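**Student:** protein_15.cif is reproduced below (mmCIF, C-alpha atoms and all ligand atoms).
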```cif
data_protein
#
loop_
_atom_site.label_atom_id
_atom_site.label_comp_id
_atom_site.auth_asym_id
_atom_site.auth_seq_id
_atom_site.Cartn_x
_atom_site.Cartn_y
_atom_site.Cartn_z
CA MET A 1 31.43 19.89 0.84
CA SER A 2 29.31 18.94 3.87
CA GLU A 3 26.83 16.12 3.35
CA ILE A 4 23.18 17.04 2.88
CA THR A 5 20.88 15.17 5.28
CA PRO A 6 17.47 14.12 3.92
CA VAL A 7 14.53 14.17 6.32
CA ILE A 8 10.80 13.51 6.25
CA SER A 9 9.22 16.93 6.76
CA ALA A 10 5.60 15.76 6.77
CA THR A 11 3.18 13.12 5.56
CA GLY A 12 -0.33 13.39 4.14
CA LEU A 13 -3.33 11.10 3.94
CA PHE A 14 -6.53 10.94 1.92
CA THR A 15 -9.09 8.38 3.09
CA PRO A 16 -12.09 7.74 0.80
CA PRO A 17 -15.31 8.18 2.81
CA ASP A 18 -16.96 4.95 1.60
CA VAL A 19 -16.43 1.92 3.85
CA ILE A 20 -17.22 -1.74 3.19
CA THR A 21 -17.51 -3.84 6.34
CA ASN A 22 -16.80 -7.57 6.33
CA ASP A 23 -20.53 -8.23 6.88
CA GLU A 24 -21.43 -6.25 3.76
CA LEU A 25 -18.61 -7.81 1.75
CA VAL A 26 -19.48 -11.38 2.67
CA ALA A 27 -23.23 -10.84 2.10
CA SER A 28 -22.52 -9.62 -1.43
CA PHE A 29 -19.99 -12.38 -2.15
CA ASN A 30 -22.31 -15.09 -0.88
CA ALA A 31 -25.19 -13.70 -2.97
CA TYR A 32 -22.90 -13.98 -6.01
CA VAL A 33 -21.97 -17.57 -5.04
CA ALA A 34 -25.63 -18.58 -4.61
CA ARG A 35 -26.50 -17.05 -7.98
CA TYR A 36 -23.52 -18.68 -9.72
CA ASN A 37 -24.28 -22.11 -8.26
CA ALA A 38 -27.97 -21.82 -9.20
CA ASP A 39 -27.14 -20.68 -12.76
CA ASN A 40 -24.70 -23.58 -13.16
CA ALA A 41 -26.67 -26.20 -11.24
CA SER A 42 -26.82 -28.82 -14.00
CA ALA A 43 -23.15 -28.41 -14.98
CA ILE A 44 -22.17 -28.65 -11.30
CA ALA A 45 -24.33 -31.79 -10.91
CA ALA A 46 -22.64 -33.27 -14.02
CA GLY A 47 -19.20 -32.54 -12.54
CA LYS A 48 -18.33 -30.14 -15.38
CA VAL A 49 -18.19 -26.97 -13.27
CA ALA A 50 -16.86 -26.61 -9.72
CA GLU A 51 -19.37 -25.45 -7.14
CA LEU A 52 -18.34 -22.21 -5.40
CA SER A 53 -18.06 -22.07 -1.60
CA PRO A 54 -19.29 -19.16 0.50
CA SER A 55 -16.96 -16.78 2.32
CA SER A 56 -17.11 -16.04 6.03
CA VAL A 57 -16.48 -13.01 8.26
CA GLU A 58 -14.89 -15.24 10.92
CA PHE A 59 -12.32 -16.62 8.44
CA ILE A 60 -11.43 -13.17 7.13
CA GLU A 61 -10.85 -11.68 10.57
CA LYS A 62 -8.90 -14.68 11.85
CA ALA A 63 -6.73 -15.12 8.72
CA SER A 64 -5.98 -11.45 8.06
CA GLY A 65 -7.09 -9.12 10.88
CA ILE A 66 -9.09 -7.04 8.36
CA LYS A 67 -12.51 -5.83 9.53
CA ALA A 68 -13.31 -3.16 6.93
CA ARG A 69 -11.81 -1.27 4.02
CA HIS A 70 -12.31 2.15 2.41
CA VAL A 71 -13.12 2.21 -1.30
CA ILE A 72 -13.55 4.92 -3.92
CA ASN A 73 -16.78 3.52 -5.32
CA LYS A 74 -18.77 1.17 -3.10
CA PRO A 75 -22.13 0.33 -4.79
CA PRO A 76 -20.85 -1.55 -7.88
CA ILE A 77 -18.34 -3.51 -5.79
CA LEU A 78 -21.18 -4.82 -3.63
CA ASP A 79 -23.54 -5.47 -6.56
CA PRO A 80 -23.32 -9.27 -7.13
CA ALA A 81 -23.85 -8.66 -10.85
CA ILE A 82 -20.82 -6.34 -11.14
CA MET A 83 -18.34 -6.80 -8.24
CA ALA A 84 -15.84 -4.21 -9.42
CA PRO A 85 -15.48 -0.43 -9.05
CA ARG A 86 -17.08 1.48 -11.90
CA TRP A 87 -17.01 5.13 -12.89
CA ASP A 88 -17.55 7.10 -16.05
CA GLU A 89 -14.41 7.54 -18.10
CA ARG A 90 -13.21 11.11 -17.69
CA PRO A 91 -12.19 13.28 -20.64
CA ASN A 92 -8.46 13.91 -20.97
CA GLU A 93 -8.99 17.51 -19.87
CA ASP A 94 -10.21 16.36 -16.43
CA ILE A 95 -7.89 15.14 -13.72
CA SER A 96 -7.72 11.35 -13.49
CA VAL A 97 -9.06 9.54 -10.43
CA LEU A 98 -5.63 8.32 -9.35
CA ALA A 99 -4.07 11.78 -9.64
CA GLU A 100 -7.06 13.36 -7.88
CA ILE A 101 -6.64 11.33 -4.71
CA GLY A 102 -2.84 11.71 -4.92
CA VAL A 103 -3.24 15.49 -5.01
CA LYS A 104 -5.45 15.39 -1.91
CA ALA A 105 -2.82 13.48 0.08
CA ALA A 106 -0.04 15.72 -1.29
CA ARG A 107 -1.88 18.90 -0.26
CA ASP A 108 -2.26 17.50 3.25
CA ALA A 109 1.51 16.84 3.48
CA LEU A 110 2.37 20.28 2.09
CA ALA A 111 0.03 22.03 4.56
CA ARG A 112 1.50 20.10 7.50
CA ALA A 113 5.03 21.13 6.45
CA GLY A 114 3.96 24.75 5.86
CA ARG A 115 5.18 24.35 2.32
CA LEU A 116 4.00 25.91 -0.94
CA PRO A 117 3.95 23.84 -4.17
CA SER A 118 6.50 26.30 -5.57
CA ASP A 119 9.00 25.07 -2.93
CA VAL A 120 8.85 21.49 -4.27
CA ASP A 121 11.29 20.30 -6.96
CA ALA A 122 10.04 16.82 -7.85
CA VAL A 123 7.05 14.46 -7.60
CA LEU A 124 7.37 10.69 -7.55
CA CYS A 125 4.15 8.75 -7.98
CA ALA A 126 5.15 5.52 -6.24
CA ALA A 127 2.29 3.03 -6.34
CA SER A 128 1.22 -0.49 -7.32
CA ASN A 129 -1.19 0.16 -10.12
CA MET A 130 -0.98 3.14 -12.41
CA GLN A 131 -4.23 4.12 -14.05
CA ARG A 132 -2.68 4.37 -17.51
CA ALA A 133 0.62 3.95 -19.30
CA TYR A 134 1.42 7.64 -19.87
CA PRO A 135 1.67 10.57 -19.43
CA ALA A 136 3.01 9.75 -15.98
CA MET A 137 0.56 10.15 -13.13
CA ALA A 138 3.34 12.00 -11.27
CA ILE A 139 3.44 14.68 -13.98
CA GLU A 140 -0.33 15.09 -13.79
CA ILE A 141 -0.09 15.50 -9.99
CA GLN A 142 2.78 17.96 -10.49
CA GLU A 143 0.66 19.99 -12.92
CA ALA A 144 -2.41 19.96 -10.67
CA LEU A 145 -0.35 21.25 -7.73
CA GLY A 146 1.59 23.81 -9.79
CA ILE A 147 5.04 22.33 -9.10
CA GLU A 148 7.98 23.04 -11.37
CA GLY A 149 10.82 20.57 -11.88
CA PHE A 150 10.17 16.95 -12.74
CA GLY A 151 8.05 13.92 -11.92
CA PHE A 152 7.88 10.25 -12.81
CA ASP A 153 6.03 7.08 -11.88
CA MET A 154 7.61 4.12 -10.16
CA ASN A 155 6.07 0.78 -9.35
CA VAL A 156 7.57 -1.66 -6.89
CA ALA A 157 4.16 -3.02 -5.80
CA CYS A 158 3.62 -2.86 -2.03
CA SER A 159 7.16 -1.53 -1.53
CA SER A 160 6.71 1.46 -3.84
CA ALA A 161 6.57 4.09 -1.08
CA THR A 162 9.77 3.03 0.69
CA PHE A 163 11.56 2.71 -2.66
CA GLY A 164 10.23 6.21 -3.41
CA ILE A 165 11.53 7.56 -0.09
CA GLN A 166 15.03 6.21 -0.75
CA THR A 167 14.97 7.60 -4.30
CA ALA A 168 13.87 11.01 -2.99
CA ALA A 169 16.49 10.93 -0.23
CA ASP A 170 19.17 10.12 -2.81
CA TYR A 171 18.09 13.10 -4.96
CA VAL A 172 18.31 15.36 -1.92
CA ARG A 173 21.73 13.98 -0.91
CA ALA A 174 23.03 14.40 -4.46
CA GLY A 175 21.73 17.96 -4.65
CA HIS A 176 19.38 17.22 -7.56
CA ALA A 177 16.37 18.35 -5.53
CA ARG A 178 15.78 19.93 -2.12
CA SER A 179 12.13 18.99 -1.71
CA VAL A 180 10.51 15.86 -3.16
CA LEU A 181 6.93 14.63 -2.83
CA VAL A 182 6.49 10.85 -2.82
CA VAL A 183 2.82 10.24 -3.55
CA SER A 184 1.18 6.80 -3.28
CA PRO A 185 -2.41 6.78 -4.58
CA GLU A 186 -3.59 3.19 -4.28
CA ILE A 187 -6.91 2.26 -5.90
CA CYS A 188 -6.45 -1.40 -5.01
CA SER A 189 -10.17 -2.10 -5.53
CA GLY A 190 -9.53 -1.91 -9.29
CA HIS A 191 -7.08 -4.80 -9.36
CA LEU A 192 -8.75 -7.01 -6.77
CA ASN A 193 -10.79 -9.98 -7.96
CA TRP A 194 -13.88 -9.41 -5.81
CA ARG A 195 -15.20 -12.83 -6.97
CA ASP A 196 -12.23 -14.76 -5.60
CA ARG A 197 -12.99 -16.20 -2.17
CA ASP A 198 -9.30 -16.50 -1.26
CA SER A 199 -8.53 -12.81 -1.73
CA HIS A 200 -11.76 -10.77 -2.07
CA PHE A 201 -11.33 -9.34 1.44
CA ILE A 202 -7.74 -8.18 1.19
CA PHE A 203 -7.50 -4.70 -0.31
CA GLY A 204 -8.77 -1.14 0.19
CA ASP A 205 -8.27 2.29 -1.42
CA VAL A 206 -6.34 5.27 -0.03
CA ALA A 207 -3.68 7.84 -0.94
CA THR A 208 -0.62 8.90 1.04
CA ALA A 209 2.14 11.44 0.52
CA VAL A 210 5.60 11.80 2.08
CA LEU A 211 7.55 15.05 1.78
CA VAL A 212 11.29 14.30 1.74
CA GLU A 213 13.50 17.38 2.07
CA SER A 214 16.92 18.68 2.85
CA ARG A 215 17.23 19.26 6.62
CA GLU A 216 18.19 22.90 5.97
CA MET A 217 14.68 23.74 4.75
CA ALA A 218 12.66 21.29 6.90
CA PRO A 219 10.28 22.39 9.67
CA THR A 220 11.69 22.24 13.23
CA ALA A 221 9.77 19.03 13.91
CA HIS A 222 10.74 16.36 11.36
CA TRP A 223 12.06 12.82 11.00
CA GLU A 224 15.70 12.37 10.11
CA ILE A 225 16.23 9.54 7.62
CA VAL A 226 18.94 7.56 9.39
CA GLY A 227 19.30 4.89 6.72
CA THR A 228 17.42 3.06 3.99
CA LYS A 229 17.80 -0.36 2.41
CA LEU A 230 16.00 -1.89 -0.58
CA LYS A 231 15.83 -5.52 -1.68
CA THR A 232 14.15 -7.44 -4.50
CA VAL A 233 14.04 -11.18 -5.15
CA PHE A 234 11.96 -12.48 -8.05
CA SER A 235 8.86 -14.51 -7.19
CA ASN A 236 5.64 -15.42 -8.98
CA ASN A 237 3.80 -15.88 -5.70
CA ILE A 238 2.15 -12.44 -5.90
CA ARG A 239 1.31 -11.44 -9.44
CA ASN A 240 -0.91 -9.20 -11.57
CA ASN A 241 -0.77 -9.71 -15.34
CA PHE A 242 -2.92 -6.75 -16.26
CA GLY A 243 -1.36 -4.63 -18.98
CA PHE A 244 -1.79 -3.13 -22.41
CA LEU A 245 -0.83 -6.38 -24.12
CA ASN A 246 -3.28 -8.47 -22.14
CA ARG A 247 -6.39 -6.58 -21.18
CA ALA A 248 -9.32 -8.19 -19.47
CA THR A 249 -12.34 -7.14 -17.45
CA PRO A 250 -13.80 -9.05 -14.52
CA GLU A 251 -16.56 -10.21 -16.87
CA THR A 252 -14.21 -12.02 -19.24
CA ALA A 253 -13.29 -15.65 -18.79
CA ASP A 254 -9.59 -15.11 -18.15
CA ALA A 255 -10.11 -12.18 -15.79
CA ALA A 256 -8.63 -13.86 -12.72
CA ASP A 257 -5.20 -13.98 -14.33
CA LYS A 258 -5.31 -10.23 -15.12
CA LEU A 259 -6.08 -9.24 -11.55
CA PHE A 260 -4.30 -9.76 -8.23
CA VAL A 261 -3.44 -13.40 -7.51
CA GLN A 262 -1.24 -14.85 -4.81
CA GLU A 263 -0.06 -17.99 -3.10
CA GLY A 264 -0.83 -16.51 0.32
CA ARG A 265 0.70 -19.30 2.40
CA LYS A 266 3.98 -19.25 0.44
CA VAL A 267 4.12 -15.45 0.66
CA PHE A 268 3.67 -15.66 4.39
CA LYS A 269 6.37 -18.32 4.84
CA GLU A 270 8.96 -16.77 2.52
CA VAL A 271 8.53 -13.06 3.19
CA VAL A 272 8.49 -13.07 7.01
CA PRO A 273 12.05 -14.46 7.44
CA MET A 274 13.39 -12.39 4.53
CA VAL A 275 12.08 -9.12 5.96
CA ALA A 276 12.97 -9.83 9.60
CA ALA A 277 16.55 -10.73 8.61
CA MET A 278 16.84 -7.65 6.42
CA ILE A 279 15.71 -5.33 9.24
CA ILE A 280 18.12 -6.87 11.76
CA GLU A 281 21.03 -6.78 9.30
CA GLU A 282 20.39 -3.19 8.29
CA ALA A 283 20.00 -2.07 11.92
CA GLY A 284 23.40 -3.68 12.58
CA ARG A 285 24.96 -1.87 9.62
CA LEU A 286 23.63 1.43 10.99
CA GLY A 287 24.91 0.63 14.49
CA LEU A 288 21.37 0.43 15.91
CA ASP A 289 19.95 -2.09 18.35
CA PRO A 290 16.79 -3.44 16.65
CA ALA A 291 15.32 -4.33 20.05
CA ALA A 292 15.56 -0.66 21.02
CA LEU A 293 13.42 0.61 18.14
CA ARG A 294 10.62 2.63 19.70
CA ARG A 295 8.08 1.84 16.99
CA LEU A 296 7.72 -0.26 13.84
CA TRP A 297 5.41 1.02 11.11
CA LEU A 298 5.14 -2.17 9.09
CA HIS A 299 3.46 -2.89 5.77
CA GLN A 300 -0.18 -3.67 6.46
CA ALA A 301 -0.97 -6.94 4.67
CA ASN A 302 -1.69 -9.44 7.37
CA GLN A 303 -1.67 -9.15 11.18
CA GLY A 304 0.00 -12.56 11.56
CA MET A 305 2.93 -11.54 9.35
CA ASN A 306 3.37 -8.29 11.25
CA ARG A 307 3.22 -10.05 14.62
CA LEU A 308 5.96 -12.49 13.58
CA ILE A 309 8.23 -9.88 11.97
CA ALA A 310 7.91 -7.54 14.96
CA GLN A 311 8.63 -10.36 17.37
CA ARG A 312 11.80 -11.36 15.53
CA VAL A 313 13.01 -7.75 15.37
CA LEU A 314 12.16 -6.67 18.92
CA GLY A 315 12.81 -10.03 20.58
CA HIS A 316 9.39 -10.11 22.22
CA GLU A 317 5.68 -10.02 21.28
CA ALA A 318 5.08 -6.45 20.10
CA SER A 319 2.36 -4.34 21.68
CA GLU A 320 0.02 -2.21 19.58
CA ASP A 321 2.08 0.75 20.79
CA GLU A 322 5.28 -0.78 19.39
CA SER A 323 3.80 -2.02 16.10
CA PRO A 324 0.52 -0.24 15.37
CA THR A 325 -2.13 -1.71 13.05
CA VAL A 326 -4.29 0.13 10.56
CA LEU A 327 -5.12 -3.08 8.72
CA ASP A 328 -8.36 -3.55 10.66
CA THR A 329 -10.00 -0.41 9.27
CA TYR A 330 -8.07 0.14 6.01
CA GLY A 331 -7.36 -3.43 4.84
CA ASN A 332 -4.21 -3.92 2.78
CA THR A 333 -3.59 -0.64 0.94
CA SER A 334 -0.46 -1.85 -0.82
CA SER A 335 2.40 0.66 -0.72
CA ALA A 336 0.39 3.14 1.35
CA GLY A 337 -0.08 0.85 4.37
CA SER A 338 3.12 1.53 6.31
CA ILE A 339 2.81 5.25 5.53
CA ILE A 340 -0.75 5.37 6.93
CA ALA A 341 0.53 3.66 10.09
CA PHE A 342 3.39 6.21 10.31
CA HIS A 343 1.07 9.14 9.60
CA LEU A 344 -1.50 8.17 12.23
CA HIS A 345 0.84 6.84 14.92
CA GLN A 346 3.87 9.10 15.34
CA ALA A 347 2.77 12.29 17.10
CA ASP A 348 3.31 10.85 20.60
CA LEU A 349 6.99 9.96 20.05
CA VAL A 350 9.64 12.31 21.48
CA SER A 351 12.83 13.81 20.13
CA GLY A 352 15.51 11.14 19.67
CA ASP A 353 13.07 8.24 19.34
CA LEU A 354 14.05 5.78 16.62
CA GLY A 355 11.54 3.99 14.44
CA LEU A 356 11.29 1.95 11.28
CA ILE A 357 9.02 2.27 8.26
CA CYS A 358 9.08 -1.08 6.46
CA SER A 359 7.30 -2.40 3.41
CA PHE A 360 7.23 -5.74 1.64
CA GLY A 361 5.27 -7.37 -1.14
CA ALA A 362 5.21 -8.45 -4.75
CA GLY A 363 8.46 -8.83 -6.61
CA TYR A 364 9.33 -9.93 -3.94
CA SER A 365 10.33 -6.49 -2.77
CA ALA A 366 11.15 -5.05 0.63
CA GLY A 367 12.26 -1.63 1.83
CA THR A 368 13.40 -0.30 5.21
CA VAL A 369 13.52 3.36 6.24
CA PHE A 370 15.02 3.96 9.71
CA VAL A 371 13.97 7.34 11.10
CA ARG A 372 14.79 9.44 14.18
CA LYS A 373 12.41 12.07 15.53
CA VAL A 374 13.71 15.61 15.80
CA CYS A 375 11.62 18.31 17.49
N1 LIG A 401 -13.93 -17.68 3.74
C1 LIG A 401 -13.93 -18.88 4.35
N2 LIG A 401 -12.96 -19.78 4.16
C2 LIG A 401 -11.97 -19.48 3.32
C3 LIG A 401 -11.91 -18.25 2.65
C4 LIG A 401 -12.95 -17.33 2.87
N3 LIG A 401 -12.99 -16.13 2.29
N4 LIG A 401 -10.82 -18.23 1.87
C5 LIG A 401 -10.17 -19.39 2.05
N5 LIG A 401 -10.86 -20.16 2.92
C6 LIG A 401 -10.55 -21.52 3.38
C7 LIG A 401 -9.75 -22.28 2.35
O1 LIG A 401 -10.61 -22.91 1.44
C8 LIG A 401 -9.00 -23.27 3.21
O2 LIG A 401 -9.83 -24.36 3.53
P1 LIG A 401 -9.23 -25.84 3.68
O3 LIG A 401 -8.29 -25.75 4.85
O4 LIG A 401 -10.44 -26.66 3.92
O5 LIG A 401 -8.52 -26.13 2.39
C9 LIG A 401 -8.74 -22.50 4.51
O6 LIG A 401 -9.70 -21.44 4.55
C10 LIG A 401 -7.35 -21.90 4.60
O7 LIG A 401 -7.09 -21.17 3.38
P2 LIG A 401 -5.73 -20.47 3.08
O8 LIG A 401 -5.81 -19.71 1.79
O9 LIG A 401 -4.64 -21.45 3.22
O10 LIG A 401 -5.74 -19.40 4.27
P3 LIG A 401 -4.56 -18.73 5.06
O11 LIG A 401 -4.71 -19.06 6.47
O12 LIG A 401 -3.23 -18.94 4.41
O13 LIG A 401 -4.93 -17.19 4.90
C11 LIG A 401 -4.25 -15.25 3.61
C12 LIG A 401 -4.99 -16.58 3.63
C13 LIG A 401 -4.23 -14.69 2.22
C14 LIG A 401 -4.98 -14.28 4.54
C15 LIG A 401 -2.82 -15.46 4.13
O14 LIG A 401 -2.19 -16.52 3.48
C16 LIG A 401 -1.99 -14.24 4.00
O15 LIG A 401 -2.33 -13.16 4.43
N6 LIG A 401 -0.81 -14.37 3.48
C17 LIG A 401 0.09 -13.25 3.39
C18 LIG A 401 0.16 -12.71 2.03
C19 LIG A 401 -0.43 -11.34 1.84
O16 LIG A 401 -1.06 -10.76 2.66
N7 LIG A 401 -0.20 -10.81 0.67
C20 LIG A 401 -0.73 -9.55 0.26
C21 LIG A 401 0.16 -8.88 -0.67
S1 LIG A 401 1.61 -8.28 0.17
#
```
Translate the structure described by the file into structure tokens.

**Tutor:**
Amino acid sequence: MSEITPVISATGLFTPPDVITNDELVASFNAYVARYNADNASAIAAGKVAELSPSSVEFIEKASGIKARHVINKPPILDPAIMAPRWDERPNEDISVLAEIGVKAARDALARAGRLPSDVDAVLCAASNMQRAYPAMAIEIQEALGIEGFGFDMNVACSSATFGIQTAADYVRAGHARSVLVVSPEICSGHLNWRDRDSHFIFGDVATAVLVESREMAPTAHWEIVGTKLKTVFSNNIRNNFGFLNRATPETADAADKLFVQEGRKVFKEVVPMVAAMIIEEAGRLGLDPAALRRLWLHQANQGMNRLIAQRVLGHEASEDESPTVLDTYGNTSSAGSIIAFHLHQADLVSGDLGLICSFGAGYSAGTVFVRKVC
């Protein structure tokens, strides 16, 4: 039996229209800090409560490269009395917010591939933060699109999309499915502690979709999946304890522990060498010269991390053309980041060009997807 080759037929993107600039973000954060310090003035003076420090646009741009982020619901995030996204709870009959944005990205991918929902066999919802425990978001997306077959959720934090692509490719290779949608709706604003100076600037909201299919049914222009590699190594340095056993809202005292927390410096130092080595090793296994990769679509968490990883892989300082950034306008969008970069920065490559989609994040987790353009 000849081997079935999995390819990426198309990708899709949904970008929420609301944008928060660093100026707006810092103004709101600093208003909160001023209010907090005034409300706690006597306790601060008595040394019982720590005074909060203001944030700064200069720090954010220098430390991360982020200039703005898209969010689903801007006003309550910027309200110093709330500082979290808020929306009315929807009845069970209505589509959930996470599924809604996932469907939008999925429809975009299907349209670009010239595909009908009835052609798709499976939906993986691969994302950092599911809106609820069950039924699976993937099954809700499947239902909304009118897809038969099966769907399930998978969460490997910022690496969810690349883990999803390998899972989809394996289904295609094994003959369990011919067409699989990997959908990554990321409402990161819901798990970000907007009152934490160290991380309030990091995340944004978005949804992406990747259509992985058997080459036999793919459109003429597609990306062959040359090879994938996944890796996980346990670490507490990026963590989110939110869950059904330990609920909290940003208003409660222990909220910080139930939202995103990280040891940013440690993450930086430990993840950069791990990911660079993994890419070089995997390229070697596939018989590819990493320095000859035409483009790297890296996870979008921090411009410094991406600069270092790209430099180690390519052997020289990468240009924007070699390692494009979407971090400046999208912020860190968790698993969706490398897919946004791929979606927005691939049309100019020519047949035969080799590239790499690479994600890394909490777990630790890292995933590489080497792709070759066919058109
Ligand atoms: N505004 C102004 N100053 C700030 C600030 C803010 N919002 N946040 C922190 N600072 C200050 C700190 O208090 C500290 O001051 P000090 O030197 O007087 O102690 C200084 O800036 C450096 O803080 P630090 O947290 O060490 O910054 P950093 O240079 O490590 O950058 C990250 C922070 C998070 C941007 C960076 O570590 C990072 O991106 N790491 C990668 C991890 C990542 O992106 N993970 C996402 C999930 S994959």

**Student:** Hey, which bits of chain A sit within 6 Å of ligand LIG 401 (chain A), and for each residue what's the closest pair of atoms and how far apart in Å (one decimal), counting all atoms listed in the file, rows by chain and increasing number, as JSON lines?

**Tutor:**
```
{"residue": "A:Ser55", "atom": "CA", "partner": "A:LIG401", "partner_atom": "N1", "distance": 3.5}
{"residue": "A:Ser56", "atom": "CA", "partner": "A:LIG401", "partner_atom": "N1", "distance": 4.2}
{"residue": "A:Phe59", "atom": "CA", "partner": "A:LIG401", "partner_atom": "C1", "distance": 4.9}
{"residue": "A:Ile60", "atom": "CA", "partner": "A:LIG401", "partner_atom": "N3", "distance": 5.9}
{"residue": "A:Ala63", "atom": "CA", "partner": "A:LIG401", "partner_atom": "C14", "distance": 4.6}
{"residue": "A:Ser64", "atom": "CA", "partner": "A:LIG401", "partner_atom": "C14", "distance": 4.6}
{"residue": "A:Arg197", "atom": "CA", "partner": "A:LIG401", "partner_atom": "N3", "distance": 4.5}
{"residue": "A:Asp198", "atom": "CA", "partner": "A:LIG401", "partner_atom": "N4", "distance": 3.9}
{"residue": "A:Gly264", "atom": "CA", "partner": "A:LIG401", "partner_atom": "O14", "distance": 3.4}
{"residue": "A:Arg265", "atom": "CA", "partner": "A:LIG401", "partner_atom": "O14", "distance": 4.2}
{"residue": "A:Val267", "atom": "CA", "partner": "A:LIG401", "partner_atom": "C18", "distance": 5.0}
{"residue": "A:Phe268", "atom": "CA", "partner": "A:LIG401", "partner_atom": "C17", "distance": 4.4}
{"residue": "A:Ala301", "atom": "CA", "partner": "A:LIG401", "partner_atom": "O16", "distance": 4.3}
{"residue": "A:Asn302", "atom": "CA", "partner": "A:LIG401", "partner_atom": "O15", "distance": 4.8}
{"residue": "A:Gly361", "atom": "CA", "partner": "A:LIG401", "partner_atom": "S1", "distance": 4.0}
```

**Student:** In Å, how far is it from atom CA of A:Gly102 to atom CA of A:Gln131?

**Tutor:** 12.0 Å

**Student:** Report as a ChimeraX atom specification all protein, DNA and RNA residues lying within 12 Å of A:Cys158, evaluated on only C-alpha atoms, omitting residues in the same chain fewer than 5 positions from it.

**Tutor:** /A:126-129,163-164,184-186,188,203,232,238-239,298-301,332-339,358-367

**Student:** One decimal, in Å: what's the spacing between atom CA of A:Asp348 and atom CA of A:Val374?

**Tutor:**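 Separating atom CA of A:Asp348 from atom CA of A:Val374 is a distance of 12.4 Å.
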
**Student:** Just give me the gap between atom CA of A:Ile8 and atom CA of A:Ala218 in Å, one decimal is fine.

**Tutor:** 8.0 Å

**Student:** Which residue gives the smallest distance to A:Leu25 among A:Ser323, A:Ser199, A:Thr228, A:Ser9, with all atoms listed in the file counted?

**Tutor:**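 Comparing A:Ser323, A:Ser199, A:Thr228, A:Ser9 against A:Leu25, the winner is A:Ser199.
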
**Student:** In terms of the shortest atom-to-atom distance over only C-alpha atoms, which of A:Glu89, A:Met137, A:Glu24, A:Ala169 is closest to A:Gly151?

**Tutor:**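 Of A:Glu89, A:Met137, A:Glu24, A:Ala169, the one nearest A:Gly151 is A:Met137, counting only C-alpha atoms.
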
**Student:** Once you count all atoms listed in the file, which residues end up no further than 8 Å from (-16.3, 5.4, -4.6) in the file's frame, shown as a PyMOL selection string?

**Tutor:** chain A and resi 16-18+71-75+85

**Student:** Using only C-alpha atoms, can you tell me which of A:Pro91, A:Pro324, A:Gly227, A:Pro273 comes closest to A:Thr162?

**Tutor:**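 Among the listed residues, A:Gly227 lies closest to A:Thr162.
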
**Student:** Of the residues A:Tyr171, A:Trp194, A:Phe260, A:Phe370, which is the one nearest to A:Phe29, using only C-alpha atoms?

**Tutor:** A:Trp194

**Student:** List as an MDAnalysis selection string the protein and nucleic acid residues near A:Leu124, meaning an atom at most 7 Å away when all atoms listed in the file are counted, but skip any in the same chain fewer than 5 places from it.

**Tutor:** chainID A and resid 138 151:153 164 181:183

**Student:** Closest to A:Arg294 among A:Val371, A:Ala256, A:Val97, A:Ile279, using all atoms listed in the file?

**Tutor:**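 Checking each of A:Val371, A:Ala256, A:Val97, A:Ile279 against A:Arg294, counting all atoms listed in the file, the winner is A:Val371.
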
**Student:** Nearest to A:Phe150: which of A:Met130, A:Ala174, A:Ile82, A:Val180 is it, counting all atoms listed in the file?

**Tutor:**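 Once distances to A:Phe150 are computed over all atoms listed in the file, the minimum belongs to A:Val180.
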
**Student:** With all atoms listed in the file counted, which protein, DNA or RNA residues have an atom no more than 10 Å from (-20.8, -21.4, 2.5) in the file frame? Please answer as a compact mmCIF listing (two decimals) with C-alpha atoms, keeping the file's coordinate frame.

**Tutor:**
```txt
# COMPACT_ATOMS: atom_id res chain seq x y z
CA ASN A 30 -22.31 -15.09 -0.88
CA VAL A 33 -21.97 -17.57 -5.04
CA ALA A 34 -25.63 -18.58 -4.61
CA LEU A 52 -18.34 -22.21 -5.40
CA SER A 53 -18.06 -22.07 -1.60
CA PRO A 54 -19.29 -19.16 0.50
CA SER A 55 -16.96 -16.78 2.32
CA SER A 56 -17.11 -16.04 6.03
```

**Student:** Output, as AutoDock Vina command-line options, the centre and edge lengths in Å (one decimal) of the axis-aligned box that contains all listed atoms of stretch 199-215 of chain A with 3 Å of margin on each side.

**Tutor:**
```
--center_x 2.7 --center_y 3.2 --center_z 2.3 --size_x 35.0 --size_y 38.1 --size_z 14.7
```

**Student:** Which residues are close to A:Ala81, i.e. within 10 Å by all atoms listed in the file, leaving aside same-chain residues fewer than 5 positions away? Reply as a PyMOL selection string.

**Tutor:** chain A and resi 28+31-32+35+76+251
